[in-house]
>>> print(open('data_2.cif').read())   # mmCIF, C-alpha atoms (C1' of nucleotides)
data_run
#
loop_
_atom_site.label_atom_id
_atom_site.label_comp_id
_atom_site.auth_asym_id
_atom_site.auth_seq_id
_atom_site.Cartn_x
_atom_site.Cartn_y
_atom_site.Cartn_z
CA MET A 276 59.68 -18.39 -6.95
CA SER A 277 57.60 -15.42 -6.01
CA ASP A 278 57.85 -15.03 -2.25
CA PHE A 279 60.22 -16.36 0.32
CA ALA A 280 57.64 -17.42 2.90
CA SER A 281 57.02 -20.81 1.31
CA THR A 282 60.76 -21.45 1.30
CA GLU A 283 60.89 -20.79 5.04
CA GLN A 284 57.91 -23.06 5.52
CA ARG A 285 59.73 -25.88 3.73
CA LEU A 286 62.84 -25.29 5.82
CA ALA A 287 60.73 -25.54 8.96
CA VAL A 288 59.40 -28.91 7.83
CA THR A 289 62.91 -30.03 6.98
CA CYS A 290 64.17 -29.11 10.44
CA ARG A 291 61.26 -30.95 12.04
CA ARG A 292 62.02 -34.09 10.04
CA TYR A 293 65.78 -33.78 10.47
CA PRO A 294 66.54 -31.83 13.65
CA ASP A 295 70.28 -31.53 12.97
CA PHE A 296 69.61 -29.49 9.86
CA PRO A 297 71.30 -26.09 10.37
CA ARG A 298 68.40 -23.80 9.72
CA ARG A 299 70.21 -20.49 9.79
CA PRO A 300 72.93 -21.20 7.22
CA GLY A 301 70.26 -23.02 5.23
CA VAL A 302 68.13 -19.88 5.09
CA LEU A 303 71.14 -17.82 4.06
CA VAL A 304 71.98 -20.15 1.21
CA ARG A 305 68.44 -20.14 -0.12
CA LEU A 306 68.15 -16.37 0.24
CA ILE A 307 71.32 -15.91 -1.78
CA LYS A 308 70.05 -18.23 -4.47
CA HIS A 309 66.70 -16.48 -4.58
CA ILE A 310 68.20 -12.99 -4.72
CA HIS A 311 70.73 -14.03 -7.31
CA MET A 312 67.99 -15.25 -9.58
CA LEU A 313 65.96 -12.06 -9.28
CA LEU A 314 69.01 -9.88 -9.90
CA ASN A 315 69.78 -11.91 -12.97
CA ASP A 316 66.25 -11.68 -14.32
CA GLU A 317 66.04 -7.93 -13.83
CA ALA A 318 69.40 -7.31 -15.47
CA ASN A 319 68.49 -9.50 -18.43
CA ALA A 320 65.20 -7.71 -18.91
CA LEU A 321 66.89 -4.33 -18.82
CA LEU A 322 69.66 -5.36 -21.23
CA LYS A 323 67.51 -7.04 -23.86
CA PRO A 324 66.74 -3.80 -25.77
CA TYR A 325 70.48 -3.17 -25.99
CA GLY A 326 71.06 -6.46 -27.77
CA VAL A 327 73.23 -8.10 -25.12
CA ASN A 328 72.48 -10.66 -22.45
CA HIS A 329 73.79 -10.78 -18.90
CA PRO A 330 76.97 -12.80 -19.55
CA GLU A 331 77.89 -10.50 -22.41
CA TYR A 332 77.18 -7.47 -20.24
CA ASN A 333 79.42 -8.85 -17.51
CA LEU A 334 82.18 -9.41 -19.97
CA LEU A 335 81.93 -5.88 -21.34
CA MET A 336 81.90 -4.40 -17.84
CA MET A 337 85.01 -6.36 -16.85
CA LEU A 338 86.84 -4.77 -19.76
CA TYR A 339 85.40 -1.38 -18.87
CA GLY A 340 86.68 -1.80 -15.32
CA SER A 341 90.13 -3.09 -16.20
CA ALA A 342 92.95 -0.69 -15.46
CA SER A 343 94.85 -1.45 -18.67
CA GLY A 344 91.80 -1.62 -20.92
CA THR A 345 92.65 -5.11 -22.12
CA MET A 346 92.17 -8.56 -20.65
CA SER A 347 92.98 -12.04 -21.87
CA PRO A 348 90.30 -14.73 -22.17
CA SER A 349 91.62 -16.52 -19.10
CA GLU A 350 91.52 -13.33 -17.05
CA LEU A 351 87.96 -12.81 -18.20
CA ALA A 352 87.10 -16.37 -17.26
CA ASP A 353 88.49 -15.79 -13.80
CA ALA A 354 86.75 -12.44 -13.43
CA THR A 355 83.33 -13.54 -14.60
CA GLY A 356 83.35 -17.13 -13.39
CA GLU A 357 82.64 -18.44 -16.88
CA LYS A 358 84.49 -21.46 -18.23
CA SER A 359 87.12 -20.62 -20.80
CA ALA A 360 85.31 -22.43 -23.62
CA ASN A 361 82.33 -20.24 -22.91
CA ILE A 362 84.49 -17.14 -23.03
CA THR A 363 85.58 -18.13 -26.51
CA ARG A 364 81.98 -18.33 -27.66
CA LEU A 365 80.93 -15.11 -25.95
CA THR A 366 83.91 -13.14 -27.23
CA ASN A 367 83.27 -14.50 -30.72
CA GLU A 368 79.78 -13.05 -30.58
CA LEU A 369 80.93 -9.73 -29.18
CA THR A 370 83.64 -9.58 -31.83
CA ASP A 371 81.08 -10.33 -34.55
CA GLN A 372 78.97 -7.49 -33.20
CA GLY A 373 82.02 -5.24 -33.39
CA LEU A 374 81.92 -4.49 -29.65
CA ILE A 375 85.34 -5.84 -28.74
CA SER A 376 88.53 -6.54 -30.62
CA ARG A 377 91.00 -9.39 -30.48
CA ASN A 378 94.73 -8.90 -30.77
CA ALA A 379 97.65 -11.23 -30.35
CA SER A 380 99.75 -10.45 -27.31
CA ALA A 381 103.20 -9.14 -28.08
CA ASP A 382 105.05 -10.72 -25.18
CA ASP A 383 103.27 -14.09 -24.96
CA ARG A 384 102.07 -15.44 -28.24
CA ARG A 385 99.70 -17.88 -26.56
CA LYS A 386 97.71 -14.99 -25.24
CA VAL A 387 94.98 -12.95 -26.83
CA GLU A 388 94.28 -9.41 -25.78
CA LEU A 389 90.66 -8.38 -25.76
CA SER A 390 89.64 -4.76 -25.62
CA LEU A 391 86.58 -2.61 -26.13
CA THR A 392 86.07 -0.99 -29.50
CA PRO A 393 84.67 2.55 -29.68
CA LYS A 394 81.37 0.91 -30.56
CA GLY A 395 81.55 -1.30 -27.46
CA LEU A 396 82.38 1.67 -25.29
CA ALA A 397 79.49 3.62 -26.79
CA LEU A 398 77.13 0.74 -26.08
CA ILE A 399 78.28 0.58 -22.45
CA GLU A 400 77.78 4.29 -22.02
CA SER A 401 74.35 4.01 -23.56
CA PHE A 402 73.11 1.40 -21.09
CA LEU A 403 74.94 2.63 -18.00
CA PRO A 404 72.31 5.22 -17.07
CA ASP A 405 69.69 2.47 -17.06
CA ILE A 406 71.97 0.08 -15.18
CA CYS A 407 72.75 2.72 -12.55
CA GLY A 408 69.05 3.37 -12.12
CA LEU A 409 68.42 -0.33 -11.70
CA LEU A 410 71.18 -0.73 -9.10
CA VAL A 411 69.94 2.23 -7.10
CA ARG A 412 66.41 0.93 -7.25
CA GLN A 413 67.47 -2.56 -6.19
CA GLY A 414 69.23 -1.20 -3.13
CA ARG A 415 66.63 1.40 -2.23
CA HIS A 416 65.13 -0.52 0.69
CA LEU A 417 68.45 -0.43 2.50
CA ALA A 418 69.81 2.67 4.18
CA VAL A 419 73.44 3.43 3.41
CA ALA A 420 74.51 2.14 6.82
CA GLU A 421 72.64 -1.08 6.11
CA GLN A 422 74.31 -1.45 2.73
CA VAL A 423 77.67 -1.05 4.43
CA GLN A 424 76.75 -3.59 7.06
CA LEU A 425 75.42 -6.05 4.47
CA GLU A 426 78.58 -5.72 2.42
CA LYS A 427 80.66 -6.41 5.52
CA LEU A 428 78.67 -9.48 6.48
CA LEU A 429 78.66 -10.89 2.96
CA LYS A 430 82.43 -10.54 2.80
CA LYS A 431 82.74 -12.36 6.09
CA PHE A 432 80.44 -15.05 4.80
CA LEU A 433 82.49 -15.25 1.62
CA SER A 434 85.65 -15.72 3.66
CA GLY A 435 84.24 -19.01 4.96
CA LEU A 436 83.85 -20.41 1.45
CA ALA A 437 86.38 -22.22 -0.65
CA ASP A 438 89.36 -22.27 1.61
CA MET B 250 87.06 -16.06 -9.69
CA SER B 251 89.30 -16.68 -6.75
CA ASP B 252 89.36 -13.58 -4.64
CA PHE B 253 87.12 -10.56 -4.48
CA ALA B 254 89.86 -7.91 -4.36
CA SER B 255 90.22 -7.75 -8.13
CA THR B 256 86.46 -7.29 -8.46
CA GLU B 257 86.63 -4.31 -6.13
CA GLN B 258 89.54 -2.94 -8.08
CA ARG B 259 87.50 -3.13 -11.29
CA LEU B 260 84.57 -1.41 -9.59
CA ALA B 261 86.88 1.38 -8.48
CA VAL B 262 88.00 1.90 -12.06
CA THR B 263 84.39 1.83 -13.22
CA CYS B 264 83.43 4.51 -10.70
CA ARG B 265 86.35 6.63 -11.76
CA ARG B 266 85.33 6.40 -15.42
CA TYR B 267 81.64 6.81 -14.70
CA PRO B 268 81.16 8.73 -11.46
CA ASP B 269 77.41 8.17 -11.27
CA PHE B 270 77.93 4.42 -10.94
CA PRO B 271 76.42 3.36 -7.59
CA ARG B 272 79.35 1.58 -6.06
CA ARG B 273 77.66 0.14 -3.00
CA PRO B 274 74.75 -1.66 -4.65
CA GLY B 275 77.21 -2.68 -7.36
CA VAL B 276 79.44 -4.36 -4.79
CA LEU B 277 76.45 -6.10 -3.25
CA VAL B 278 75.32 -7.49 -6.59
CA ARG B 279 78.78 -8.81 -7.42
CA LEU B 280 79.23 -10.28 -3.96
CA ILE B 281 75.94 -12.14 -4.27
CA LYS B 282 76.94 -13.48 -7.66
CA HIS B 283 80.36 -14.54 -6.39
CA ILE B 284 79.01 -16.21 -3.27
CA HIS B 285 76.26 -17.93 -5.22
CA MET B 286 78.79 -19.46 -7.53
CA LEU B 287 80.97 -20.75 -4.72
CA LEU B 288 77.98 -22.20 -2.87
CA ASN B 289 76.92 -23.92 -6.05
CA ASP B 290 80.37 -25.36 -6.71
CA GLU B 291 80.76 -26.69 -3.19
CA ALA B 292 77.33 -28.29 -3.19
CA ASN B 293 77.95 -29.90 -6.55
CA ALA B 294 81.28 -31.30 -5.45
CA LEU B 295 79.73 -32.75 -2.30
CA LEU B 296 76.78 -34.27 -4.15
CA LYS B 297 78.67 -35.86 -7.00
CA PRO B 298 79.44 -39.10 -5.11
CA TYR B 299 75.73 -39.45 -4.40
CA GLY B 300 74.90 -39.42 -8.10
CA VAL B 301 72.86 -36.22 -8.15
CA ASN B 302 73.64 -32.69 -9.20
CA HIS B 303 72.58 -29.47 -7.54
CA PRO B 304 69.28 -28.94 -9.39
CA GLU B 305 68.26 -32.52 -8.66
CA TYR B 306 69.24 -32.09 -5.02
CA ASN B 307 67.12 -28.95 -4.78
CA LEU B 308 64.18 -30.75 -6.23
CA LEU B 309 64.51 -33.63 -3.80
CA MET B 310 64.82 -31.25 -0.86
CA MET B 311 61.70 -29.35 -1.89
CA LEU B 312 59.76 -32.59 -1.74
CA TYR B 313 61.39 -33.46 1.56
CA GLY B 314 60.32 -30.09 2.96
CA SER B 315 56.79 -30.14 1.63
CA ALA B 316 54.14 -30.53 4.30
CA SER B 317 52.02 -32.92 2.24
CA GLY B 318 54.88 -34.95 0.83
CA THR B 319 53.79 -34.31 -2.74
CA MET B 320 54.21 -31.43 -5.12
CA SER B 321 53.18 -30.82 -8.70
CA PRO B 322 55.72 -29.90 -11.39
CA SER B 323 54.51 -26.32 -11.43
CA GLU B 324 54.85 -26.01 -7.67
CA LEU B 325 58.37 -27.38 -7.99
CA ALA B 326 59.12 -24.89 -10.74
CA ASP B 327 57.97 -22.09 -8.49
CA ALA B 328 59.90 -23.40 -5.49
CA THR B 329 63.19 -24.03 -7.26
CA GLY B 330 63.09 -21.24 -9.82
CA GLU B 331 63.51 -23.70 -12.68
CA LYS B 332 61.43 -23.35 -15.84
CA SER B 333 58.68 -25.91 -16.10
CA ALA B 334 60.20 -27.57 -19.16
CA ASN B 335 63.32 -28.11 -17.13
CA ILE B 336 61.32 -29.64 -14.31
CA THR B 337 59.95 -32.19 -16.75
CA ARG B 338 63.47 -33.21 -17.72
CA LEU B 339 64.78 -33.29 -14.15
CA THR B 340 61.84 -35.27 -12.83
CA ASN B 341 62.21 -37.70 -15.73
CA GLU B 342 65.76 -38.36 -14.62
CA LEU B 343 64.83 -38.71 -10.97
CA THR B 344 61.98 -41.03 -11.90
CA ASP B 345 64.33 -43.13 -14.02
CA GLN B 346 66.64 -43.38 -11.02
CA GLY B 347 63.70 -44.51 -8.91
CA LEU B 348 64.06 -41.59 -6.50
CA ILE B 349 60.65 -40.02 -7.03
CA SER B 350 57.31 -41.26 -8.33
CA ARG B 351 54.74 -39.68 -10.59
CA ASN B 352 51.01 -40.06 -10.03
CA ALA B 353 48.02 -38.50 -11.68
CA SER B 354 46.17 -36.13 -9.40
CA ALA B 355 42.71 -37.25 -8.35
CA ASP B 356 41.00 -33.86 -8.25
CA ASP B 357 42.68 -32.18 -11.22
CA ARG B 358 43.52 -34.49 -14.05
CA ARG B 359 45.90 -31.96 -15.61
CA LYS B 360 48.13 -32.26 -12.57
CA VAL B 361 50.84 -34.72 -11.73
CA GLU B 362 51.76 -35.47 -8.16
CA LEU B 363 55.42 -36.05 -7.48
CA SER B 364 56.61 -37.68 -4.29
CA LEU B 365 59.72 -39.23 -2.86
CA THR B 366 60.09 -42.98 -3.05
CA PRO B 367 61.63 -44.87 -0.11
CA LYS B 368 64.79 -44.99 -2.21
CA GLY B 369 64.70 -41.21 -2.67
CA LEU B 370 64.15 -40.68 1.02
CA ALA B 371 67.02 -43.01 1.83
CA LEU B 372 69.29 -41.11 -0.53
CA ILE B 373 68.36 -37.80 1.12
CA GLU B 374 69.05 -39.18 4.54
CA SER B 375 72.36 -40.54 3.36
CA PHE B 376 73.63 -37.19 2.12
CA LEU B 377 72.05 -34.97 4.77
CA PRO B 378 74.85 -35.47 7.31
CA ASP B 379 77.35 -34.26 4.71
CA ILE B 380 75.08 -31.41 3.64
CA CYS B 381 74.61 -30.29 7.25
CA GLY B 382 78.35 -30.38 7.77
CA LEU B 383 78.85 -28.28 4.67
CA LEU B 384 76.25 -25.70 5.71
CA VAL B 385 77.73 -25.38 9.18
CA ARG B 386 81.20 -25.04 7.73
CA GLN B 387 80.05 -22.43 5.21
CA GLY B 388 78.56 -20.30 7.97
CA ARG B 389 81.31 -20.81 10.50
CA HIS B 390 82.94 -17.40 10.07
CA LEU B 391 79.75 -15.72 11.20
CA ALA B 392 78.62 -15.64 14.81
CA VAL B 393 75.00 -16.52 15.38
CA ALA B 394 74.09 -12.86 15.88
CA GLU B 395 75.77 -12.06 12.59
CA GLN B 396 73.87 -14.79 10.80
CA VAL B 397 70.65 -13.37 12.17
CA GLN B 398 71.65 -9.90 11.09
CA LEU B 399 72.70 -11.07 7.62
CA GLU B 400 69.42 -12.90 7.18
CA LYS B 401 67.52 -9.78 8.15
CA LEU B 402 69.46 -7.56 5.75
CA LEU B 403 69.17 -10.02 2.87
CA LYS B 404 65.41 -10.17 3.36
CA LYS B 405 65.26 -6.42 3.30
CA PHE B 406 67.35 -6.37 0.15
CA LEU B 407 65.09 -9.01 -1.37
CA SER B 408 62.06 -6.87 -0.61
CA GLY B 409 63.42 -4.24 -2.99
CA LEU B 410 63.52 -6.67 -5.91
CA ALA B 411 60.77 -7.58 -8.33
CA ASP B 412 57.95 -5.45 -7.12
"C1'" DT C 87 120.27 -27.77 -26.22
"C1'" DA C 88 116.75 -31.13 -25.75
"C1'" DT C 89 112.92 -32.73 -23.39
"C1'" DA C 90 109.32 -32.70 -20.18
"C1'" DT C 91 105.86 -30.07 -18.15
"C1'" DA C 92 102.84 -26.23 -17.70
"C1'" DT C 93 99.87 -22.61 -19.57
"C1'" DA C 94 96.58 -20.26 -22.95
"C1'" DT C 95 93.23 -20.78 -26.17
"C1'" DT C 96 90.25 -23.06 -29.19
"C1'" DT C 97 87.72 -27.09 -31.15
"C1'" DT C 98 84.58 -30.73 -30.83
"C1'" DA C 99 81.20 -33.42 -28.70
"C1'" DT C 100 77.77 -33.55 -25.06
"C1'" DA C 101 74.82 -31.94 -21.68
"C1'" DA C 102 71.75 -28.62 -19.70
"C1'" DA C 103 68.51 -24.90 -20.02
"C1'" DT C 104 65.17 -22.09 -22.46
"C1'" DG C 105 61.33 -20.60 -25.63
"C1'" DT C 106 57.62 -21.97 -28.17
"C1'" DA C 107 54.06 -25.00 -29.62
"C1'" DT C 108 50.90 -28.79 -28.44
"C1'" DT C 109 47.66 -31.52 -25.88
"C1'" DA C 110 44.59 -32.11 -22.23
"C1'" DT C 111 41.84 -30.35 -18.66
"C1'" DC C 112 39.59 -26.97 -16.01
"C1'" DT C 113 36.88 -22.55 -15.03
"C1'" DG C 114 33.74 -19.00 -15.70
"C1'" DA C 115 30.67 -16.16 -18.46
"C1'" DA C 116 27.16 -15.98 -22.07
"C1'" DT D 161 25.21 -26.19 -21.65
"C1'" DT D 162 28.70 -24.47 -24.47
"C1'" DC D 163 32.36 -22.00 -25.74
"C1'" DA D 164 36.33 -18.83 -24.81
"C1'" DG D 165 40.01 -18.33 -22.13
"C1'" DA D 166 43.17 -20.02 -18.46
"C1'" DT D 167 46.21 -23.52 -16.52
"C1'" DA D 168 49.18 -27.93 -16.34
"C1'" DA D 169 52.35 -30.68 -18.31
"C1'" DT D 170 55.10 -32.18 -22.00
"C1'" DA D 171 57.54 -32.35 -26.67
"C1'" DC D 172 60.47 -30.32 -29.81
"C1'" DA D 173 63.80 -27.07 -31.61
"C1'" DT D 174 67.21 -23.84 -30.39
"C1'" DT D 175 70.46 -21.65 -27.48
"C1'" DT D 176 73.76 -21.77 -23.95
"C1'" DA D 177 77.11 -24.07 -21.04
"C1'" DT D 178 80.38 -27.74 -19.90
"C1'" DA D 179 83.92 -31.34 -20.34
"C1'" DA D 180 87.52 -33.41 -22.81
"C1'" DA D 181 90.83 -33.21 -26.32
"C1'" DA D 182 93.72 -30.71 -29.52
"C1'" DT D 183 97.00 -27.09 -30.73
"C1'" DA D 184 100.38 -23.78 -29.91
"C1'" DT D 185 103.59 -21.52 -27.07
"C1'" DA D 186 106.23 -20.84 -22.95
"C1'" DT D 187 109.17 -22.34 -19.02
"C1'" DA D 188 112.09 -25.25 -16.31
"C1'" DT D 189 115.49 -28.67 -15.79
"C1'" DA D 190 118.61 -32.19 -16.94
#
>>> encode(input="data_2.cif", output="structure tokens")
Amino acid sequence: MSDFASTEQRLAVTCRRYPDFPRRPGVLVRLIKHIHMLLNDEANALLKPYGVNHPEYNLLMMLYGSASGTMSPSELADATGEKSANITRLTNELTDQGLISRNASADDRRKVELSLTPKGLALIESFLPDICGLLVRQGRHLAVAEQVQLEKLLKKFLSGLAD
Amino acid sequence: MSDFASTEQRLAVTCRRYPDFPRRPGVLVRLIKHIHMLLNDEANALLKPYGVNHPEYNLLMMLYGSASGTMSPSELADATGEKSANITRLTNELTDQGLISRNASADDRRKVELSLTPKGLALIESFLPDICGLLVRQGRHLAVAEQVQLEKLLKKFLSGLAD
DNA sequence: TATATATATTTTATAAATGTATTATCTGAA
DNA sequence: TTCAGATAATACATTTATAAAATATATATA
């Protein structure tokens, strides 16, 4: 999926064959899918030398961004969008790598508290410079005002989903 | 991943811990991921009664939107973003269901030409009303001018990726 | 208190996606 | 023409993700 022009061409054909097809939302949906894929690929490529993949990175960053420093598997599932069974597998791997630790919750014995180990924190701080560079580079074609505007519109778009 | 507020909260913590973190592109990336997931879920839920999943739907719609009516597996891989091995599997399933047909290409005997069968076309036209309704509903919080603006900004964002 | 129901996590089985190797065909340069 | 890549599609093995069931604990209510 190299350029977006062929996608627009196909949408034009679709609208010709089926005039009710809502072209504008259709373009938006395909743009989001296309961008999402590229973002994913670039992040994976960057992270590979650090020994983690994108889902594992996301999981680590959720813990890094949590106010308390610990999250339960179900909170992580909610935050990352992964299914809970997948969280079990991913946290197993991260635990095996010594990047996070598992502890039983004191107040609810069903719960498990996951937190970064010093090694996990060190890994995050080792890849963050690269990640920051990537994010800046990815957004470089947009002026700050445009980034603000895009954020606003995406949030509005989001508000029309799943309610 | 129900609401986006907790994501923003985590990004705020991240920026506090690591001040160089580029918050704005970071928000954009997470918004795209979040929206992509919701779009995917809604499409899957809608398509389930029709007996196809989202990747299969995408494949069918690429054929529907192709000017010639036929595409090769590698063109489909490029158009959908799926790996070619995955296209083989998906087209096997669609062929088994009688929705698409496979034919050897006349001018390049390495190639396979895939095209919709009447049954596949009928299926598409049976779910298109629902799909159109979904797309309209998904975009309903945005005025037309906002959709245009969002499309423009997403394309600009896209232009900063993978080059 | 006892019992039903709900929640949190993990296990197991299955499905989906990916990477790599293989086969067949094509293209271009020697 | 022939031979060395390049390209197209598929097969196979492995990894990754999902769904369904199992286990343990908590909560509500009768």
>>> resolve_selection(input="data_2.cif", expression="the PyMOL selection byres ((chain B) within 10 of (chain C))", output="list in words")
Glu331, Lys332, Ser333, Ala334, Asn335, Arg338, Asp357, Arg358, Arg359 and Lys360 of chain B
>>> write_last_selection(input="data_2.cif", atoms="C-alpha atoms", output="short mmCIF file (atom, residue, chain, number, x, y, z; two decimals), in the coordinates of the input")
data_model
loop_
_atom_site.label_atom_id
_atom_site.label_comp_id
_atom_site.auth_asym_id
_atom_site.auth_seq_id
_atom_site.Cartn_x
_atom_site.Cartn_y
_atom_site.Cartn_z
CA GLU B 331 63.51 -23.70 -12.68
CA LYS B 332 61.43 -23.35 -15.84
CA SER B 333 58.68 -25.91 -16.10
CA ALA B 334 60.20 -27.57 -19.16
CA ASN B 335 63.32 -28.11 -17.13
CA ARG B 338 63.47 -33.21 -17.72
CA ASP B 357 42.68 -32.18 -11.22
CA ARG B 358 43.52 -34.49 -14.05
CA ARG B 359 45.90 -31.96 -15.61
CA LYS B 360 48.13 -32.26 -12.57
#
>>> closest_atom_pairs(input="data_2.cif", of="chain B", to="chain A", cutoff="6 Å", atoms="only C-alpha atoms", output="CSV")
residue,atom,partner,partner_atom,distance
B:Met250,CA,A:Asp353,CA,4.4
B:Arg259,CA,A:Gly340,CA,4.3
B:Val262,CA,A:Gly340,CA,5.1
B:Thr263,CA,A:Gly340,CA,4.8
B:Phe270,CA,A:Cys407,CA,5.7
B:Pro274,CA,A:Gly414,CA,5.7
B:Gly314,CA,A:Arg285,CA,4.3
B:Ser315,CA,A:Arg285,CA,5.6
B:Asp327,CA,A:Met276,CA,4.4
B:Ala328,CA,A:Met276,CA,5.2
B:Gly330,CA,A:Met276,CA,5.3
B:Cys381,CA,A:Phe296,CA,5.7
B:Leu384,CA,A:Pro300,CA,5.8
B:Gln387,CA,A:Gly435,CA,5.4
B:Gly388,CA,A:Pro300,CA,5.8
B:His390,CA,A:Gly435,CA,5.5
B:Gly409,CA,A:Gln413,CA,5.4
B:Leu410,CA,A:Gln413,CA,5.7
>>> residues_around(input="data_2.cif", residues="Thr319 of chain B", least_positions_apart="3", cutoff="6 Å", atoms="all atoms listed in the file", output="list in words")
Glu362, Leu363 and Ser364 of chain B
>>> atom_distance(input="data_2.cif", atom1="atom CA of Ser401 of chain A", atom2="atom CA of Pro348 of chain A")
24.6 Å
>>> closest_atom_pairs(input="data_2.cif", of="chain D", to="chain B", cutoff="10 Å", atoms="all atoms listed in the file", output="JSON lines")
{"residue": "D:DT167", "atom": "C1'", "partner": "B:Arg359", "partner_atom": "CA", "distance": 8.5}
{"residue": "D:DA168", "atom": "C1'", "partner": "B:Arg359", "partner_atom": "CA", "distance": 5.2}
{"residue": "D:DA169", "atom": "C1'", "partner": "B:Arg359", "partner_atom": "CA", "distance": 7.1}
{"residue": "D:DT170", "atom": "C1'", "partner": "B:Thr337", "partner_atom": "CA", "distance": 7.1}
{"residue": "D:DA171", "atom": "C1'", "partner": "B:Ala334", "partner_atom": "CA", "distance": 9.3}
>>> atom_distance(input="data_2.cif", atom1="atom CA of Glu331 of chain A", atom2="atom CA of Ala254 of chain B")
21.8 Å
>>> residues_near_point(input="data_2.cif", point="(84.1, -3.6, -31.4)", cutoff="7 Å", atoms="only C-alpha atoms (C1' of nucleotides)", output="count of residues only")
11
>>> atom_distance(input="data_2.cif", atom1="atom CA of Ala320 of chain A", atom2="atom CA of Ala420 of chain A")
29.1 Å
>>> axis_aligned_box(input="data_2.cif", around="segment 370-378 of chain B", padding_each_side="3 Å", output="lines of an AutoDock Vina configuration file")
center_x = 69.5
center_y = -39.0
center_z = 3.4
size_x = 16.7
size_y = 14.0
size_z = 13.8
